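Next comes coords_21.cif, a file with mmCIF, C-alpha atoms and all ligand atoms.
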data_input
#
loop_
_atom_site.group_PDB
_atom_site.id
_atom_site.type_symbol
_atom_site.label_atom_id
_atom_site.label_comp_id
_atom_site.auth_asym_id
_atom_site.auth_seq_id
_atom_site.Cartn_x
_atom_site.Cartn_y
_atom_site.Cartn_z
ATOM 1 C CA MET A 6 -69.460 115.030 98.027
ATOM 2 C CA ALA A 7 -69.106 111.889 100.096
ATOM 3 C CA VAL A 8 -66.192 110.366 101.962
ATOM 4 C CA ILE A 9 -65.804 106.587 101.892
ATOM 5 C CA ALA A 10 -63.229 105.149 104.301
ATOM 6 C CA ILE A 11 -61.787 101.668 103.830
ATOM 7 C CA TYR A 12 -60.827 100.748 107.341
ATOM 8 C CA SER A 13 -60.097 97.864 109.695
ATOM 9 C CA ALA A 14 -58.224 97.500 112.958
ATOM 10 C CA LYS A 15 -56.281 94.726 111.184
ATOM 11 C CA GLY A 16 -53.647 94.838 108.433
ATOM 12 C CA GLY A 17 -53.455 92.545 105.425
ATOM 13 C CA VAL A 18 -57.238 92.237 105.044
ATOM 14 C CA GLY A 19 -57.481 93.842 101.585
ATOM 15 C CA LYS A 20 -58.086 97.541 102.441
ATOM 16 C CA THR A 21 -55.648 99.000 99.915
ATOM 17 C CA THR A 22 -56.702 96.626 97.144
ATOM 18 C CA ILE A 23 -60.345 97.532 97.752
ATOM 19 C CA ALA A 24 -59.679 101.285 97.977
ATOM 20 C CA ALA A 25 -57.696 101.300 94.720
ATOM 21 C CA ASN A 26 -60.263 99.221 92.826
ATOM 22 C CA LEU A 27 -63.281 101.123 94.154
ATOM 23 C CA ALA A 28 -61.595 104.376 93.105
ATOM 24 C CA TRP A 29 -61.414 103.006 89.559
ATOM 25 C CA HIS A 30 -65.110 102.011 89.474
ATOM 26 C CA ALA A 31 -66.193 105.316 91.046
ATOM 27 C CA SER A 32 -64.302 107.359 88.468
ATOM 28 C CA GLN A 33 -64.315 105.238 85.282
ATOM 29 C CA GLU A 34 -67.626 103.381 85.531
ATOM 30 C CA ALA A 35 -69.785 105.772 87.551
ATOM 31 C CA GLY A 36 -68.068 108.899 86.161
ATOM 32 C CA ARG A 37 -67.643 110.497 89.594
ATOM 33 C CA ASN A 38 -64.842 112.960 90.065
ATOM 34 C CA THR A 39 -62.834 110.921 92.560
ATOM 35 C CA LEU A 40 -59.882 111.404 94.889
ATOM 36 C CA LEU A 41 -58.046 108.414 96.355
ATOM 37 C CA TRP A 42 -56.291 109.614 99.516
ATOM 38 C CA ASP A 43 -53.641 107.277 100.895
ATOM 39 C CA LEU A 44 -53.343 107.741 104.669
ATOM 40 C CA ASP A 45 -51.059 104.752 105.234
ATOM 41 C CA ALA A 46 -47.310 105.395 105.427
ATOM 42 C CA ALA A 47 -46.796 102.108 103.543
ATOM 43 C CA GLY A 48 -48.051 103.935 100.439
ATOM 44 C CA GLY A 49 -49.840 100.921 98.940
ATOM 45 C CA ALA A 50 -52.543 102.868 97.102
ATOM 46 C CA GLY A 51 -49.906 104.912 95.295
ATOM 47 C CA PHE A 52 -47.978 101.730 94.518
ATOM 48 C CA LEU A 53 -51.076 100.190 92.906
ATOM 49 C CA TYR A 54 -51.321 103.255 90.632
ATOM 50 C CA ASN A 55 -47.580 103.295 89.937
ATOM 51 C CA VAL A 56 -46.986 106.553 91.813
ATOM 52 C CA GLU A 57 -43.640 106.789 93.605
ATOM 53 C CA PRO A 58 -43.709 108.317 97.098
ATOM 54 C CA VAL A 59 -42.030 111.717 97.471
ATOM 55 C CA ALA A 60 -40.488 112.449 100.889
ATOM 56 C CA ASN A 61 -42.738 114.470 103.216
ATOM 57 C CA ARG A 62 -45.329 115.056 100.562
ATOM 58 C CA GLY A 63 -48.029 113.006 102.352
ATOM 59 C CA SER A 64 -47.792 114.847 105.659
ATOM 60 C CA ALA A 65 -47.456 118.237 103.915
ATOM 61 C CA MET A 66 -51.249 117.985 103.501
ATOM 62 C CA PHE A 67 -51.506 118.726 107.212
ATOM 63 C CA SER A 68 -49.560 121.981 107.011
ATOM 64 C CA ARG A 69 -51.833 125.032 107.067
ATOM 65 C CA LYS A 70 -49.739 126.800 104.458
ATOM 66 C CA GLN A 71 -50.047 123.984 101.941
ATOM 67 C CA ASP A 72 -52.363 124.250 98.958
ATOM 68 C CA PRO A 73 -53.703 120.660 98.461
ATOM 69 C CA GLU A 74 -53.877 121.258 94.713
ATOM 70 C CA ASP A 75 -50.067 121.221 94.610
ATOM 71 C CA LEU A 76 -49.923 117.735 96.151
ATOM 72 C CA MET A 77 -52.364 115.976 93.821
ATOM 73 C CA TRP A 78 -51.196 113.402 91.317
ATOM 74 C CA GLU A 79 -53.051 112.523 88.190
ATOM 75 C CA THR A 80 -53.379 108.762 87.885
ATOM 76 C CA GLY A 81 -53.598 108.787 84.102
ATOM 77 C CA TYR A 82 -57.298 107.835 84.324
ATOM 78 C CA PRO A 83 -59.837 110.601 83.708
ATOM 79 C CA ASN A 84 -61.645 111.909 86.832
ATOM 80 C CA LEU A 85 -59.259 110.100 89.182
ATOM 81 C CA ASP A 86 -56.622 111.858 91.285
ATOM 82 C CA LEU A 87 -54.416 110.436 93.994
ATOM 83 C CA LEU A 88 -52.997 111.974 97.138
ATOM 84 C CA PRO A 89 -50.083 109.625 97.826
ATOM 85 C CA ALA A 90 -48.553 108.729 101.200
ATOM 86 C CA ASP A 91 -44.895 108.452 102.183
ATOM 87 C CA ALA A 92 -42.902 107.354 105.225
ATOM 88 C CA SER A 93 -43.439 110.716 106.983
ATOM 89 C CA MET A 94 -47.046 109.653 107.592
ATOM 90 C CA GLN A 95 -45.887 107.180 110.223
ATOM 91 C CA GLN A 96 -45.985 110.140 112.604
ATOM 92 C CA LEU A 97 -49.500 111.169 111.576
ATOM 93 C CA ASP A 98 -51.319 109.630 114.518
ATOM 94 C CA THR A 99 -48.937 111.252 117.019
ATOM 95 C CA GLN A 100 -49.163 114.579 115.174
ATOM 96 C CA LEU A 101 -52.959 114.526 115.253
ATOM 97 C CA THR A 102 -52.920 113.703 118.978
ATOM 98 C CA GLN A 103 -50.495 116.576 119.644
ATOM 99 C CA ILE A 104 -52.503 119.091 117.602
ATOM 100 C CA GLY A 105 -55.454 118.128 119.809
ATOM 101 C CA LYS A 106 -58.163 119.091 117.286
ATOM 102 C CA LYS A 107 -60.564 116.244 116.695
ATOM 103 C CA ARG A 108 -61.701 117.322 113.243
ATOM 104 C CA GLN A 109 -58.434 117.796 111.352
ATOM 105 C CA ILE A 110 -59.221 115.061 108.810
ATOM 106 C CA SER A 111 -62.835 116.260 108.401
ATOM 107 C CA LYS A 112 -61.635 119.807 107.767
ATOM 108 C CA LEU A 113 -59.285 118.561 105.063
ATOM 109 C CA THR A 114 -61.902 116.355 103.409
ATOM 110 C CA ASP A 115 -64.312 119.334 103.429
ATOM 111 C CA LYS A 116 -61.658 121.470 101.776
ATOM 112 C CA LEU A 117 -60.717 118.777 99.250
ATOM 113 C CA GLY A 118 -64.379 117.959 98.629
ATOM 114 C CA LYS A 119 -64.876 121.216 96.733
ATOM 115 C CA GLY A 120 -63.158 119.598 93.763
ATOM 116 C CA TYR A 121 -64.478 116.011 94.040
ATOM 117 C CA ASP A 122 -67.720 113.992 94.199
ATOM 118 C CA ARG A 123 -66.144 111.112 96.081
ATOM 119 C CA ILE A 124 -63.102 110.883 98.375
ATOM 120 C CA ILE A 125 -61.901 107.361 99.098
ATOM 121 C CA LEU A 126 -59.624 106.994 102.136
ATOM 122 C CA ASP A 127 -57.174 104.108 102.266
ATOM 123 C CA CYS A 128 -56.502 103.825 106.015
ATOM 124 C CA PRO A 129 -53.696 102.234 108.000
ATOM 125 C CA PRO A 130 -54.690 99.509 110.481
ATOM 126 C CA GLY A 131 -55.087 100.280 114.188
ATOM 127 C CA ILE A 132 -57.495 101.928 116.577
ATOM 128 C CA ASN A 133 -56.114 105.351 117.452
ATOM 129 C CA GLU A 134 -56.643 109.093 117.003
ATOM 130 C CA LEU A 135 -56.205 108.811 113.229
ATOM 131 C CA SER A 136 -58.868 106.118 112.884
ATOM 132 C CA ALA A 137 -61.232 108.075 115.159
ATOM 133 C CA GLN A 138 -60.821 111.139 112.932
ATOM 134 C CA VAL A 139 -61.237 109.114 109.745
ATOM 135 C CA VAL A 140 -64.483 107.612 111.024
ATOM 136 C CA ARG A 141 -65.768 111.076 112.004
ATOM 137 C CA SER A 142 -65.069 112.396 108.496
ATOM 138 C CA ALA A 143 -66.727 109.538 106.567
ATOM 139 C CA GLU A 144 -70.280 108.965 105.323
ATOM 140 C CA ILE A 145 -69.563 105.250 104.895
ATOM 141 C CA VAL A 146 -66.918 103.009 106.448
ATOM 142 C CA ILE A 147 -66.141 99.835 104.499
ATOM 143 C CA VAL A 148 -64.665 97.130 106.738
ATOM 144 C CA PRO A 149 -62.979 94.252 104.860
ATOM 145 C CA LEU A 150 -63.177 90.902 106.619
ATOM 146 C CA PRO A 151 -61.452 87.736 105.460
ATOM 147 C CA PRO A 152 -63.881 85.110 106.745
ATOM 148 C CA SER A 153 -62.375 84.074 110.094
ATOM 149 C CA PRO A 154 -63.312 84.389 113.765
ATOM 150 C CA LEU A 155 -60.379 86.797 114.296
ATOM 151 C CA SER A 156 -61.602 89.200 111.654
ATOM 152 C CA SER A 157 -65.149 89.100 113.075
ATOM 153 C CA ARG A 158 -63.602 90.241 116.322
ATOM 154 C CA ALA A 159 -61.806 93.066 114.505
ATOM 155 C CA PHE A 160 -65.176 94.023 112.976
ATOM 156 C CA ASP A 161 -66.844 94.135 116.393
ATOM 157 C CA LEU A 162 -64.131 96.534 117.591
ATOM 158 C CA VAL A 163 -64.679 98.845 114.618
ATOM 159 C CA ALA A 164 -68.470 98.684 115.017
ATOM 160 C CA GLN A 165 -68.174 99.641 118.707
ATOM 161 C CA GLU A 166 -65.857 102.537 117.861
ATOM 162 C CA ILE A 167 -68.315 103.822 115.267
ATOM 163 C CA LYS A 168 -71.397 103.442 117.475
ATOM 164 C CA ARG A 169 -69.769 105.736 120.040
ATOM 165 C CA LEU A 170 -70.345 108.630 117.625
ATOM 166 C CA GLY A 171 -74.112 108.360 118.217
ATOM 167 C CA LYS A 172 -76.308 110.093 115.646
ATOM 168 C CA ASN A 173 -73.279 111.428 113.751
ATOM 169 C CA ALA A 174 -72.020 107.909 113.133
ATOM 170 C CA PRO A 175 -71.322 106.939 109.491
ATOM 171 C CA SER A 176 -72.953 103.916 107.869
ATOM 172 C CA ILE A 177 -70.848 100.812 108.213
ATOM 173 C CA LEU A 178 -70.573 98.180 105.501
ATOM 174 C CA PRO A 179 -68.768 94.925 106.296
ATOM 175 C CA VAL A 180 -67.380 93.239 103.176
ATOM 176 C CA PHE A 181 -66.033 89.691 103.039
ATOM 177 C CA SER A 182 -62.632 89.780 101.367
ATOM 178 C CA MET A 183 -60.364 87.039 99.995
ATOM 179 C CA VAL A 184 -63.185 84.499 100.121
ATOM 180 C CA ASP A 185 -62.218 80.978 99.058
ATOM 181 C CA ARG A 186 -65.387 78.940 98.685
ATOM 182 C CA ARG A 187 -63.408 75.682 98.638
ATOM 183 C CA ARG A 188 -62.824 76.237 102.350
ATOM 184 C CA LYS A 189 -65.596 75.134 104.688
ATOM 185 C CA LEU A 190 -64.923 77.911 107.214
ATOM 186 C CA HIS A 191 -65.265 80.533 104.477
ATOM 187 C CA ARG A 192 -68.473 79.015 103.071
ATOM 188 C CA GLU A 193 -70.023 78.876 106.526
ATOM 189 C CA ALA A 194 -69.036 82.461 107.383
ATOM 190 C CA VAL A 195 -70.433 83.798 104.103
ATOM 191 C CA GLU A 196 -73.669 81.806 104.422
ATOM 192 C CA ALA A 197 -74.153 83.097 107.980
ATOM 193 C CA GLN A 198 -74.051 86.720 106.700
ATOM 194 C CA SER A 199 -75.611 86.316 103.279
ATOM 195 C CA LYS A 200 -76.329 90.062 102.864
ATOM 196 C CA TRP A 201 -72.706 91.204 103.219
ATOM 197 C CA PRO A 202 -70.947 91.867 99.893
ATOM 198 C CA CYS A 203 -68.332 89.306 98.988
ATOM 199 C CA LEU A 204 -64.964 89.584 97.200
ATOM 200 C CA SER A 205 -63.399 86.289 96.145
ATOM 201 C CA TYR A 206 -59.777 85.349 96.609
ATOM 202 C CA SER A 207 -58.323 85.680 93.120
ATOM 203 C CA THR A 208 -54.890 85.617 91.534
ATOM 204 C CA LEU A 209 -56.173 88.330 89.181
ATOM 205 C CA THR A 210 -56.786 90.623 92.154
ATOM 206 C CA GLU A 211 -53.274 89.878 93.391
ATOM 207 C CA GLN A 212 -51.994 90.874 89.939
ATOM 208 C CA CYS A 213 -53.093 94.482 90.572
ATOM 209 C CA ALA A 214 -49.902 94.944 92.621
ATOM 210 C CA VAL A 215 -47.730 93.354 89.921
ATOM 211 C CA ARG A 216 -49.216 95.354 87.054
ATOM 212 C CA HIS A 217 -49.756 98.537 89.077
ATOM 213 C CA GLN A 218 -53.277 98.702 87.696
ATOM 214 C CA PRO A 219 -56.785 98.228 89.041
ATOM 215 C CA LEU A 220 -58.706 95.218 87.722
ATOM 216 C CA GLY A 221 -60.956 97.396 85.591
ATOM 217 C CA ALA A 222 -57.918 98.390 83.529
ATOM 218 C CA PHE A 223 -56.746 94.887 82.591
ATOM 219 C CA ALA A 224 -59.514 92.391 83.420
ATOM 220 C CA ALA A 225 -62.728 94.424 83.301
ATOM 221 C CA SER A 226 -65.042 91.492 82.594
ATOM 222 C CA SER A 227 -63.478 89.102 85.136
ATOM 223 C CA GLU A 228 -65.387 87.816 88.166
ATOM 224 C CA PRO A 229 -63.422 89.891 90.706
ATOM 225 C CA ALA A 230 -63.860 93.098 88.647
ATOM 226 C CA THR A 231 -67.602 92.386 88.483
ATOM 227 C CA GLN A 232 -67.650 91.980 92.274
ATOM 228 C CA PHE A 233 -65.863 95.325 92.781
ATOM 229 C CA SER A 234 -68.314 96.950 90.382
ATOM 230 C CA ALA A 235 -71.270 95.522 92.366
ATOM 231 C CA LEU A 236 -69.689 96.710 95.610
ATOM 232 C CA TRP A 237 -69.317 100.245 94.224
ATOM 233 C CA LYS A 238 -72.987 100.240 93.167
ATOM 234 C CA ALA A 239 -74.027 99.066 96.663
ATOM 235 C CA ILE A 240 -72.028 101.952 98.165
ATOM 236 C CA ASP A 241 -73.615 104.499 95.814
ATOM 237 C CA ARG A 242 -77.086 103.175 96.710
ATOM 238 C CA LYS A 243 -76.272 103.456 100.404
ATOM 239 C CA LEU A 244 -75.079 107.043 99.890
ATOM 240 C CA ALA A 245 -78.272 107.906 98.004
ATOM 241 C CA ARG A 246 -80.367 106.734 100.993
ATOM 242 C CA ARG A 247 -78.526 108.927 103.533
HETATM 243 N N1 LIG B 1 -59.295 89.382 96.757
HETATM 244 C C1 LIG B 1 -57.986 89.116 96.830
HETATM 245 N N2 LIG B 1 -57.485 87.985 96.269
HETATM 246 C C2 LIG B 1 -56.161 87.697 96.350
HETATM 247 N N3 LIG B 1 -55.256 88.452 96.973
HETATM 248 C C3 LIG B 1 -55.695 89.590 97.553
HETATM 249 C C4 LIG B 1 -57.068 89.986 97.514
HETATM 250 N N4 LIG B 1 -57.197 91.166 98.180
HETATM 251 C C5 LIG B 1 -55.953 91.492 98.591
HETATM 252 N N5 LIG B 1 -55.048 90.555 98.226
HETATM 253 C C6 LIG B 1 -53.601 90.542 98.511
HETATM 254 O O1 LIG B 1 -53.447 90.456 99.927
HETATM 255 C C7 LIG B 1 -52.375 91.274 100.367
HETATM 256 C C8 LIG B 1 -52.887 92.312 101.372
HETATM 257 O O2 LIG B 1 -53.801 93.169 100.716
HETATM 258 P P1 LIG B 1 -53.846 94.729 101.000
HETATM 259 O O3 LIG B 1 -54.879 95.299 100.093
HETATM 260 O O4 LIG B 1 -52.491 95.342 100.961
HETATM 261 O O5 LIG B 1 -54.375 94.732 102.525
HETATM 262 P P2 LIG B 1 -54.325 95.874 103.650
HETATM 263 O O6 LIG B 1 -54.359 97.192 102.935
HETATM 264 O O7 LIG B 1 -55.542 95.618 104.477
HETATM 265 O O8 LIG B 1 -53.077 95.662 104.425
HETATM 266 C C9 LIG B 1 -51.777 91.896 99.109
HETATM 267 O O9 LIG B 1 -50.698 91.113 98.707
HETATM 268 C C10 LIG B 1 -52.903 91.810 98.080
HETATM 269 O O10 LIG B 1 -52.427 91.711 96.762
HETATM 270 MG MG MG B 2 -53.091 98.897 103.115
#

Please express the file's structure as structure tokens.
Ligand SMILES: Nc1ncnc2c1ncn2[C@@H]1O[C@H](COP(=O)(O)OP(=O)(O)O)[C@@H](O)[C@H]1O
Ligand SMILES: [Mg+2]
Amino acid sequence: MAVIAIYSAKGGVGKTTIAANLAWHASQEAGRNTLLWDLDAAGGAGFLYNVEPVANRGSAMFSRKQDPEDLMWETGYPNLDLLPADASMQQLDTQLTQIGKKRQISKLTDKLGKGYDRIILDCPPGINELSAQVVRSAEIVIVPLPPSPLSSRAFDLVAQEIKRLGKNAPSILPVFSMVDRRRKLHREAVEAQSKWPCLSYSTLTEQCAVRHQPLGAFAASSEPATQFSALWKAIDRKLARR
């Protein structure tokens, strides 16, 4: 089992879109038994899979009496389950700080991992107790970066946070997101880091939120779907080397 966190200190950088699409490639293309766990109160990952939030269901995961099995939603795709978020998760960071145990998320991913090969975490933005726990639980942290100096700064912050974990630190994979090669700044940023995976800005990708479907389900041979597929393969290779 491996945990893959999609995380950035910044919002609006493509985390949810990436988490939802990678979950599709992990489960449908690579055949891994996959769980997509939405940790953001905004509930975007559920929205992309057409799952309505149910009050308090997201934070119920953190109750000791709760059996996680009862909270899972089938997405309608084989091998792919979803643990949706709801507004109650806005308090999650405060709750984790109050509980005072640094491995709450890791304990839950260990427990959930008995039924899955891959757990993909869609994280809220911010640097706080929740993000620290997410990073501690993950084998790989994917950091989406629209090519701009501000997002490079956000990446440096995440990289510093991860390095603090020393030898227990997860691998970190920066990914350019929403790349528009017509823009000079984007071309220059991508050329300067030619080894980082790249996801183009695409109206098809935007359509995921309109259709409530990942790209693989409605535009499997499109350029953006091919990029997500390549990104999933790069992640699987990285996991194999660990
Ligand atoms: N590659 C892309 N091309 C075009 N639009 C994108 C792309 N990735 C994300 N978006 C859009 O950008 C917005 C923010 O994306 P989202 O995944 O919600 O980011 P985050 O989870 O980091 O806040 C959404 O409207 C989404 O549809
Ligand atoms: Mg999001």

>> Once the PyMOL selection byres (((chain A and resi 194) around 12) and not hetatm) is applied to the coordinates I shared, what remains selected? I want it as a VMD selection string.
In response: chain A and resid 150 to 157 180 to 182 184 to 186 188 to 193 195 to 201 203

> Can you list what the PyMOL selection byres (((chain A and resi 212) around 12) and not hetatm) grabs from this structure, as a PyMOL selection string?
Replying inline: chain A and resi 22+53+206-211+213-224+229

Axis-aligned box over every listed atom of range 79-88 of chain A, padded by 8 Å per side: centre and edges in Å to one decimal, as JSON?
{"center_x": -57.3, "center_y": 110.2, "center_z": 90.4, "size_x": 24.6, "size_y": 20.7, "size_z": 29.4}

> So which residues fall inside 7 Å of (-53.9, 118.4, 108.7) if we count all atoms listed in the file? Mind giving them as number ranges by chain?
Replying inline: A: 66-68, 109-110, 113

Evaluating the PyMOL selection byres (((chain A and resi 138) around 9) and not hetatm) on the displayed file yields which residues, as an mmCIF file with C-alpha atoms, in the coordinates of the input?
data_model
loop_
_atom_site.group_PDB
_atom_site.id
_atom_site.type_symbol
_atom_site.label_atom_id
_atom_site.label_comp_id
_atom_site.auth_asym_id
_atom_site.auth_seq_id
_atom_site.Cartn_x
_atom_site.Cartn_y
_atom_site.Cartn_z
ATOM 1 C CA LEU A 101 -52.959 114.526 115.253
ATOM 2 C CA LYS A 107 -60.564 116.244 116.695
ATOM 3 C CA ARG A 108 -61.701 117.322 113.243
ATOM 4 C CA GLN A 109 -58.434 117.796 111.352
ATOM 5 C CA ILE A 110 -59.221 115.061 108.810
ATOM 6 C CA SER A 111 -62.835 116.260 108.401
ATOM 7 C CA ASN A 133 -56.114 105.351 117.452
ATOM 8 C CA GLU A 134 -56.643 109.093 117.003
ATOM 9 C CA LEU A 135 -56.205 108.811 113.229
ATOM 10 C CA SER A 136 -58.868 106.118 112.884
ATOM 11 C CA ALA A 137 -61.232 108.075 115.159
ATOM 12 C CA VAL A 139 -61.237 109.114 109.745
ATOM 13 C CA VAL A 140 -64.483 107.612 111.024
ATOM 14 C CA ARG A 141 -65.768 111.076 112.004
ATOM 15 C CA SER A 142 -65.069 112.396 108.496
ATOM 16 C CA ALA A 143 -66.727 109.538 106.567
#

>> Any residue with an atom at most 8 Å from ligand MG 2 (chain B) counts, using only C-alpha atoms and all ligand atoms. Which are they? Put them as a VMD selection string.
In response: chain A and resid 16 to 17 19 to 22 45 47 to 50 127 to 130

> So what do you get for CA of Gly120 in chain A versus CA of Arg247 in chain A, distance-wise?
Replying inline: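 Between CA of Gly120 in chain A and CA of Arg247 in chain A the gap works out to 21.1 Å.
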
> Out of A:Asn84, A:Gln165, A:Asn55, A:Ser64, which residue has the shortest atom-to-atom distance to Ile124 in chain A when counting all atoms listed in the file?
Replying inline: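 For Ile124 in chain A, the nearest of the candidates is A:Asn84.
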
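Of note, atom O10 of ligand LIG 1 (chain B) and CA of Tyr54 in chain A are spaced 13.1 Å apart.
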
>> Just to confirm, what's the straight-line distance from CA of Ile147 in chain A to CA of Ile177 in chain A in Å (one decimal)?
In response: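 Value for the CA of Ile147 in chain A-CA of Ile177 in chain A distance: 6.1 Å.
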
> Which is closest to ligand LIG 1 (chain B) among A:Pro73, A:Pro83, A:Gly118, A:Gly51, if we use all atoms listed in the file?
Replying inline: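 Of the candidates, the smallest distance to ligand LIG 1 (chain B) is held by A:Gly51.
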
> So which residues touch Ile132 in chain A within 10 Å, counting all atoms listed in the file, skipping near sequence neighbours fewer than 6 positions away, as a list in words?
Replying inline: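 Everything that qualifies: Tyr12, Ser13, Ala14, Lys15, Leu162, Val163 and Glu166 of chain A.
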
Once you've located range 45-58 of chain A in the structure I gave, write it as a tab-separated table (two decimals), in the first residue's frame, keeping N, CA and C atoms.
chain	number	residue	atom	x	y	z
A	45	ASP	N	-10.35	18.03	2.12
A	45	ASP	CA	-10.64	19.46	2.03
A	45	ASP	C	-12.15	19.69	2.21
A	46	ALA	N	-12.49	20.53	3.19
A	46	ALA	CA	-13.90	20.81	3.48
A	46	ALA	C	-14.67	21.26	2.24
A	47	ALA	N	-13.99	21.81	1.25
A	47	ALA	CA	-14.66	22.27	0.04
A	47	ALA	C	-15.26	21.10	-0.74
A	48	GLY	N	-14.75	19.90	-0.51
A	48	GLY	CA	-15.38	18.70	-1.09
A	48	GLY	C	-15.24	18.57	-2.60
A	49	GLY	N	-14.18	19.14	-3.16
A	49	GLY	CA	-14.02	19.15	-4.62
A	49	GLY	C	-13.86	17.78	-5.24
A	50	ALA	N	-13.15	16.88	-4.56
A	50	ALA	CA	-12.90	15.55	-5.15
A	50	ALA	C	-14.23	14.80	-5.28
A	51	GLY	N	-15.07	14.93	-4.26
A	51	GLY	CA	-16.39	14.31	-4.33
A	51	GLY	C	-17.21	14.91	-5.46
A	52	PHE	N	-17.14	16.24	-5.57
A	52	PHE	CA	-17.87	16.95	-6.63
A	52	PHE	C	-17.48	16.41	-8.01
A	53	LEU	N	-16.17	16.20	-8.20
A	53	LEU	CA	-15.70	15.73	-9.52
A	53	LEU	C	-16.20	14.31	-9.81
A	54	TYR	N	-16.55	13.55	-8.77
A	54	TYR	CA	-17.10	12.21	-8.98
A	54	TYR	C	-18.61	12.19	-8.73
A	55	ASN	N	-19.21	13.38	-8.68
A	55	ASN	CA	-20.67	13.48	-8.55
A	55	ASN	C	-21.20	12.88	-7.24
A	56	VAL	N	-20.42	13.02	-6.18
A	56	VAL	CA	-20.85	12.53	-4.87
A	56	VAL	C	-21.23	13.73	-4.01
A	57	GLU	N	-22.46	13.75	-3.55
A	57	GLU	CA	-22.93	14.87	-2.71
A	57	GLU	C	-22.36	14.73	-1.30
A	58	PRO	N	-21.93	15.85	-0.67
A	58	PRO	CA	-21.47	15.73	0.71
A	58	PRO	C	-22.63	15.40	1.65
